[in-house]
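Enquirer: File final-v9.cif follows (mmCIF, C-alpha atoms):
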```
data_coords
loop_
_atom_site.label_atom_id
_atom_site.label_comp_id
_atom_site.auth_asym_id
_atom_site.auth_seq_id
_atom_site.Cartn_x
_atom_site.Cartn_y
_atom_site.Cartn_z
CA MET A 14 0.00 0.00 0.00
CA LYS A 15 1.06 3.60 -0.55
CA ALA A 16 0.36 6.82 1.32
CA ILE A 17 1.64 10.39 1.25
CA ILE A 18 3.08 11.35 4.63
CA GLY A 19 4.20 14.96 4.59
CA ASP A 20 5.67 15.22 1.11
CA LEU A 21 6.94 11.64 0.87
CA ASN A 22 5.38 8.61 -0.80
CA ILE A 23 5.56 5.82 1.78
CA ASN A 24 5.15 2.10 1.22
CA TYR A 25 3.48 0.14 4.03
CA ILE A 26 1.70 -3.08 4.98
CA ASP A 27 -1.63 -3.16 6.85
CA GLU A 28 -2.83 -6.66 7.77
CA GLY A 29 -4.88 -8.45 10.40
CA GLN A 30 -7.35 -7.31 13.04
CA GLY A 31 -7.13 -6.61 16.76
CA PRO A 32 -4.85 -4.38 18.84
CA MET A 33 -2.37 -2.47 16.70
CA LEU A 34 1.24 -3.71 16.42
CA LEU A 35 3.53 -1.29 14.54
CA MET A 36 6.83 -2.70 13.26
CA LEU A 37 9.90 -0.58 12.48
CA HIS A 38 12.76 -2.09 10.48
CA GLY A 39 16.50 -1.51 10.75
CA TRP A 40 18.95 0.50 8.70
CA GLY A 41 19.31 -0.69 5.12
CA SER A 42 16.34 -3.01 5.56
CA ASN A 43 12.66 -2.95 4.58
CA ILE A 44 9.29 -4.40 5.54
CA ASP A 45 9.72 -7.50 3.38
CA LEU A 46 12.12 -9.01 5.92
CA PHE A 47 9.38 -8.88 8.56
CA ALA A 48 7.14 -11.21 6.52
CA PRO A 49 7.58 -14.30 8.79
CA VAL A 50 6.79 -12.26 11.90
CA ILE A 51 3.88 -10.42 10.29
CA GLY A 52 2.35 -13.71 9.15
CA PHE A 53 2.43 -14.95 12.74
CA ALA A 54 1.41 -11.76 14.57
CA LYS A 55 -1.55 -10.92 12.33
CA LYS A 56 -3.41 -13.95 13.72
CA LYS A 57 -4.30 -11.78 16.72
CA TYR A 58 -3.09 -8.25 15.94
CA HIS A 59 -3.64 -5.43 13.48
CA VAL A 60 -0.10 -5.39 12.10
CA VAL A 61 1.31 -2.33 10.34
CA ALA A 62 4.84 -1.99 8.99
CA MET A 63 6.30 0.70 6.76
CA ASP A 64 9.39 1.27 4.68
CA MET A 65 10.78 4.29 6.48
CA PRO A 66 11.98 7.31 4.47
CA GLY A 67 15.02 6.34 2.42
CA PHE A 68 14.42 2.59 2.54
CA GLY A 69 12.60 -0.08 0.54
CA LYS A 70 9.96 1.36 -1.76
CA SER A 71 9.52 4.64 0.12
CA ASP A 72 10.87 8.01 -1.01
CA GLU A 73 14.12 9.40 0.31
CA PRO A 74 13.83 12.40 2.61
CA LYS A 75 14.69 15.77 1.11
CA GLU A 76 17.04 16.53 4.01
CA PRO A 77 19.08 14.29 6.33
CA MET A 78 17.08 12.87 9.26
CA ASN A 79 18.18 12.28 12.84
CA VAL A 80 16.48 10.07 15.43
CA ASP A 81 14.04 12.80 16.46
CA ASP A 82 13.08 13.29 12.82
CA TYR A 83 12.28 9.59 12.45
CA VAL A 84 10.28 9.63 15.70
CA ASN A 85 8.25 12.59 14.43
CA PHE A 86 7.77 10.86 11.10
CA VAL A 87 6.37 7.75 12.81
CA LEU A 88 3.98 9.95 14.77
CA ASP A 89 2.89 11.72 11.56
CA PHE A 90 2.36 8.33 9.91
CA ILE A 91 0.08 7.27 12.78
CA LYS A 92 -1.82 10.56 12.87
CA THR A 93 -2.36 10.49 9.12
CA LEU A 94 -3.46 6.88 8.67
CA PHE A 95 -4.54 5.62 12.09
CA PRO A 96 -5.80 8.60 14.11
CA GLU A 97 -8.44 6.45 15.79
CA GLU A 98 -5.93 4.10 17.42
CA LYS A 99 -5.78 4.59 21.19
CA GLU A 100 -3.26 1.86 22.00
CA ILE A 101 -0.23 0.80 19.95
CA ILE A 102 2.41 -1.84 20.67
CA PHE A 103 5.74 -1.21 18.94
CA LEU A 104 8.24 -3.77 17.64
CA GLY A 105 11.58 -2.58 16.30
CA HIS A 106 14.70 -4.16 14.86
CA SER A 107 18.10 -2.45 15.05
CA MET A 108 17.52 1.21 14.07
CA GLY A 109 13.79 0.63 14.47
CA GLY A 110 14.47 -0.15 18.11
CA ARG A 111 16.45 3.06 18.42
CA ILE A 112 13.43 5.04 17.23
CA ILE A 113 11.13 3.21 19.64
CA ILE A 114 13.42 3.91 22.61
CA LYS A 115 13.38 7.63 21.87
CA LEU A 116 9.63 7.63 21.24
CA ALA A 117 8.69 5.52 24.27
CA SER A 118 10.91 7.54 26.62
CA GLY A 119 8.71 10.56 25.90
CA ILE A 120 5.62 8.86 27.29
CA LYS A 121 4.12 10.66 30.26
CA ASP A 122 1.57 8.73 32.32
CA GLY A 123 1.45 6.17 29.52
CA ARG A 124 0.42 8.71 26.90
CA ILE A 125 2.12 10.62 24.11
CA ASP A 126 0.55 13.53 22.25
CA SER A 127 -2.64 12.77 24.22
CA SER A 128 -3.55 10.42 21.37
CA PHE A 129 -2.47 6.85 22.13
CA THR A 130 -0.85 4.71 24.81
CA ILE A 131 2.04 2.27 24.44
CA PRO A 132 1.34 -0.73 26.69
CA LYS A 133 4.35 -2.77 25.55
CA VAL A 134 7.43 -2.62 23.32
CA ILE A 135 9.53 -5.32 21.68
CA LEU A 136 13.14 -4.56 20.75
CA THR A 137 15.10 -7.12 18.77
CA ASP A 138 18.84 -6.73 18.29
CA SER A 139 18.22 -3.05 18.91
CA ALA A 140 20.61 -0.19 18.32
CA GLY A 141 20.92 2.70 20.75
CA ILE A 142 24.12 2.09 22.70
CA ILE A 143 27.32 3.70 21.42
CA PRO A 144 29.85 0.88 20.93
CA VAL A 145 33.26 0.96 22.56
CA ARG A 146 35.71 1.32 19.72
CA THR A 147 38.59 -1.12 19.40
CA ALA A 148 42.19 -0.02 18.97
CA ALA A 149 41.99 -0.95 15.26
CA GLN A 150 38.84 1.16 14.81
CA LYS A 151 40.45 4.12 16.54
CA LYS A 152 43.48 3.78 14.28
CA ARG A 153 41.26 3.64 11.18
CA THR A 154 39.40 6.77 12.29
CA ALA A 155 42.70 8.59 12.89
CA ARG A 156 43.89 7.68 9.37
CA TYR A 157 40.63 8.93 7.87
CA LYS A 158 40.92 12.25 9.71
CA PHE A 159 44.54 12.62 8.62
CA TYR A 160 43.78 12.08 4.92
CA LYS A 161 40.64 14.24 5.09
CA ASN A 162 42.63 17.08 6.62
CA LEU A 163 45.35 16.63 4.01
CA ILE A 164 43.12 16.77 0.93
CA THR A 165 41.06 19.60 2.38
CA LYS A 166 43.96 21.88 3.31
CA THR A 167 45.87 21.25 0.09
CA GLY A 168 42.84 22.12 -2.04
CA ILE A 169 42.57 18.67 -3.57
CA ALA A 170 39.01 18.21 -2.29
CA LYS A 171 37.93 21.48 -3.93
CA ALA A 172 39.71 20.78 -7.22
CA PHE A 173 38.45 17.19 -7.36
CA PRO A 174 35.08 17.00 -5.53
CA GLY A 175 34.87 13.24 -5.84
CA THR A 176 38.04 12.74 -3.80
CA LEU A 177 36.43 13.33 -0.41
CA ASP A 178 33.50 11.10 -1.30
CA ALA A 179 35.87 8.31 -2.33
CA LEU A 180 37.77 8.70 0.94
CA GLN A 181 34.58 8.46 2.96
CA LYS A 182 33.56 5.31 1.06
CA LYS A 183 36.96 3.74 1.67
CA PHE A 184 36.97 4.32 5.41
CA GLY A 185 33.22 4.23 6.09
CA SER A 186 31.04 1.24 6.85
CA ALA A 187 29.34 -0.89 4.20
CA ASP A 188 26.05 0.86 5.06
CA TYR A 189 27.70 4.22 4.55
CA ALA A 190 29.24 3.23 1.23
CA ALA A 191 25.93 1.89 -0.09
CA ALA A 192 23.90 4.95 0.88
CA SER A 193 23.04 8.06 -1.14
CA PRO A 194 24.49 11.41 0.00
CA VAL A 195 21.40 12.41 2.00
CA MET A 196 21.16 8.98 3.64
CA ARG A 197 24.88 9.02 4.51
CA GLN A 198 24.32 12.22 6.43
CA SER A 199 21.28 10.63 8.06
CA LEU A 200 23.32 7.58 9.06
CA VAL A 201 25.96 9.73 10.73
CA LYS A 202 23.30 11.65 12.66
CA VAL A 203 21.49 8.48 13.74
CA VAL A 204 24.39 6.26 14.82
CA ASN A 205 26.19 8.97 16.78
CA GLU A 206 23.32 9.60 19.21
CA ASP A 207 23.70 7.80 22.53
CA LEU A 208 20.27 6.69 23.75
CA GLU A 209 21.37 5.27 27.11
CA PRO A 210 20.09 8.34 29.00
CA TYR A 211 16.58 7.70 27.62
CA MET A 212 16.37 4.03 28.53
CA PRO A 213 15.35 4.44 32.21
CA SER A 214 12.31 6.38 30.93
CA VAL A 215 11.10 3.37 28.92
CA THR A 216 8.87 2.28 31.78
CA MET A 217 6.35 0.00 30.05
CA PRO A 218 7.00 -3.76 29.80
CA ALA A 219 9.78 -4.27 27.25
CA LEU A 220 10.70 -7.60 25.67
CA LEU A 221 14.28 -7.71 24.39
CA ILE A 222 15.05 -10.52 21.92
CA TRP A 223 18.70 -10.98 20.96
CA GLY A 224 20.88 -13.30 18.95
CA ASP A 225 23.95 -14.30 20.94
CA LYS A 226 26.05 -14.15 17.76
CA ASP A 227 25.00 -10.60 16.89
CA THR A 228 28.09 -8.59 15.94
CA ALA A 229 26.32 -5.39 14.82
CA THR A 230 24.55 -4.77 18.15
CA PRO A 231 26.16 -7.32 20.47
CA LEU A 232 24.36 -9.19 23.22
CA SER A 233 26.08 -6.95 25.77
CA ASP A 234 23.94 -4.09 24.43
CA GLY A 235 20.79 -6.07 25.19
CA GLN A 236 22.07 -6.92 28.65
CA LYS A 237 22.74 -3.25 29.35
CA MET A 238 19.28 -2.26 28.09
CA GLU A 239 17.71 -4.88 30.38
CA LYS A 240 19.41 -3.24 33.37
CA LEU A 241 18.50 0.29 32.34
CA MET A 242 14.82 -0.25 31.45
CA PRO A 243 12.71 -0.77 34.60
CA GLN A 244 10.39 -3.49 33.19
CA ALA A 245 12.63 -5.09 30.57
CA GLY A 246 13.26 -8.80 30.13
CA LEU A 247 15.88 -10.29 27.83
CA ALA A 248 15.39 -13.47 25.77
CA VAL A 249 18.50 -14.82 24.02
CA ILE A 250 18.37 -16.97 20.88
CA GLU A 251 21.49 -19.11 20.70
CA GLY A 252 23.23 -19.26 17.34
CA ALA A 253 21.30 -16.30 15.91
CA GLY A 254 22.94 -13.13 14.63
CA HIS A 255 21.74 -9.59 14.08
CA TYR A 256 18.59 -10.78 12.31
CA SER A 257 17.47 -13.16 15.04
CA PHE A 258 13.88 -13.14 13.73
CA LEU A 259 15.15 -14.61 10.45
CA ASP A 260 17.92 -16.83 11.82
CA ASN A 261 15.49 -18.72 14.08
CA THR A 262 11.97 -17.61 13.17
CA TYR A 263 10.36 -20.51 15.04
CA LEU A 264 11.91 -19.63 18.41
CA PHE A 265 11.53 -15.89 17.81
CA ASN A 266 7.80 -16.26 17.20
CA LYS A 267 7.49 -18.58 20.20
CA ILE A 268 8.98 -15.89 22.43
CA LEU A 269 6.94 -13.12 20.81
CA GLY A 270 3.76 -15.16 21.07
CA SER A 271 4.28 -15.72 24.78
CA PHE A 272 4.72 -11.98 25.36
CA LEU A 273 1.77 -10.93 23.21
CA GLY A 274 -0.59 -13.81 23.96
CA ILE A 275 -0.56 -15.29 20.45
CA SER A 276 -1.24 -19.03 20.25
CA PHE A 277 1.50 -20.89 18.42
#
```
Could you take the file, read its structure, and then write that structure out as structure tokens?

Expert:
Amino acid sequence: MKAIIGDLNINYIDEGQGPMLLMLHGWGSNIDLFAPVIGFAKKKYHVVAMDMPGFGKSDEPKEPMNVDDYVNFVLDFIKTLFPEEKEIIFLGHSMGGRIIIKLASGIKDGRIDSSFTIPKVILTDSAGIIPVRTAAQKKRTARYKFYKNLITKTGIAKAFPGTLDALQKKFGSADYAAASPVMRQSLVKVVNEDLEPYMPSVTMPALLIWGDKDTATPLSDGQKMEKLMPQAGLAVIEGAGHYSFLDNTYLFNKILGSFLGISF
């Protein structure tokens, strides 16, 4: 399905009946990867999932977006298409979890915008904690800054505009290299925000589902979130990586079903 949210054409899925469950995907992902979870959850819930701006079949934003921008976009999406919903459960993977943490931490007395409540959240392999950089990563960053300073001060970057872009691709992550200019700027804004200070304010029941082999957002992140969120519980899926809901869909849905009261 398609809808205009603000000035962007957004692709989304709307399936099932019951309480609303809104799913937010991770960076570089899209709603298609949620298919096994949607198929299970829609047995009891009204499941909605969207390709966020810059991903899947949705338009790219005109300007770079930070976490607050994505939170506001999700709220605009809800207000535009589902203004009648009074209670929404959120499920987020990776960056989607980051957005949910920021959104849910703004809840006062269970309510945000005086429009809907968030009774529960599910975060799977969620982002939000700034990783401790290794010595090799620090060295790589230092090399990047050295070369950037060199080509900027010598005028090379101005004379050959593509030089700086090539340098950023060489030293940046795979996600950074694959992104468009506006999404690269968005990525930098999003990943550099530390959400630990917001986690104690996520006071509703929070199910954390993690793969113990996750290298993008390691299990230690989930363990830290469990300590920081007052009503959080952590479920670990052995042998699963960053996409635990795909690596072991059966066990993931078992855990999710127990939390949401969905018969397996």

Enquirer: Which value, in Å to one decimal, gives the distance between CA of Ser214 in chain A and CA of Thr228 in chain A?

Expert: 26.4 Å

Enquirer: Enumerate, as a VMD selection string, the residues matched when the PyMOL selection byres ((chain A and resi 254-259) around 12) is run on the file above.

Expert: chain A and resid 38 to 40 42 45 to 51 53 104 to 108 135 to 140 221 to 232 234 to 235 248 to 253 260 to 269

Enquirer: With all atoms listed in the file as the atoms that count, which of A:Pro218, A:Pro243, A:Pro77, A:Gly19 lies nearest to Phe272 in chain A?

Expert: A:Pro218

Enquirer: Please write the residues picked by the PyMOL selection byres ((chain A and resi 142) around 8) on this file as a tab-separated table (two decimals) with C-alpha atoms, in the frame of the given file.

Expert:
```
chain	number	residue	atom	x	y	z
A	140	ALA	CA	20.61	-0.19	18.32
A	141	GLY	CA	20.92	2.70	20.75
A	143	ILE	CA	27.32	3.70	21.42
A	144	PRO	CA	29.85	0.88	20.93
A	207	ASP	CA	23.70	7.80	22.53
A	208	LEU	CA	20.27	6.69	23.75
A	209	GLU	CA	21.37	5.27	27.11
A	234	ASP	CA	23.94	-4.09	24.43
```

Enquirer: Excluding range 91-97 of chain A and any residue of its chain fewer than 4 positions from it, enumerate the residues within 9 Å of it, using all atoms listed in the file, and give them as a ChimeraX atom specification.

Expert: /A:16-18,86-87,128-129

Enquirer: Suppose you want the space between CA of Ile101 in chain A and CA of Thr130 in chain A; what is it in Å?

Expert: 6.3 Å

Enquirer: What lies within 8 Å of Ser71 in chain A using only C-alpha atoms, ignoring chain neighbours under 6 positions off, as a list of chain:residue names?

Expert: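 That gives A:Leu21, A:Asn22, A:Ile23, A:Asn24, A:Asp64, A:Met65.
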
Enquirer: Any chance you could work out the residue set of the PyMOL selection byres ((chain A and resi 213) around 6) here, as a ChimeraX atom specification?

Expert: /A:211-212,214-215,241-242

Enquirer: From the list A:Val134, A:Ala54, A:Met78, A:Leu37, which residue is nearest Val204 in chain A when using only C-alpha atoms?

Expert: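 Under the stated criterion, the closest residue is A:Met78.
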
Enquirer: Considering all atoms listed in the file, return as a tab-separated table (two decimals) with C-alpha atoms, in the frame of the given file whatever protein or nucleic-acid residues lie within 8 Å of Met217 in chain A, sequence-local ones (same chain, fewer than 3 positions apart) excluded.

Expert:
```
chain	number	residue	atom	x	y	z
A	123	GLY	CA	1.45	6.17	29.52
A	131	ILE	CA	2.04	2.27	24.44
A	132	PRO	CA	1.34	-0.73	26.69
A	133	LYS	CA	4.35	-2.77	25.55
A	134	VAL	CA	7.43	-2.62	23.32
A	243	PRO	CA	12.71	-0.77	34.60
A	244	GLN	CA	10.39	-3.49	33.19
```

Enquirer: For CA of Met33 in chain A and CA of Phe103 in chain A, determine how far apart the two atoms are, in Å to one decimal place.

Expert: 8.5 Å

Enquirer: Nearest residue to Gly69 in chain A out of A:Thr165, A:Ser233, A:Asn85, A:Asn43, using all atoms listed in the file?

Expert: A:Asn43

Enquirer: For Phe277 in chain A, which residue out of A:Lys57, A:Gln198, A:Asn205, A:Met14 is the nearest one, using all atoms listed in the file?

Expert: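 Among the listed residues, the smallest separation from Phe277 in chain A belongs to A:Lys57.
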
Enquirer: Considering all atoms listed in the file, can you say which of A:Glu76, A:Arg111, A:Met238, A:Glu28 comes closest to Ser193 in chain A?

Expert: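 So, comparing all the options, the nearest one is A:Glu76.
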
Enquirer: Point out the residue among A:Asp27, A:Glu100, A:Glu206, A:Asp89 with the least atom-to-atom distance to Ile114 in chain A, counting only C-alpha atoms.

Expert: A:Glu206
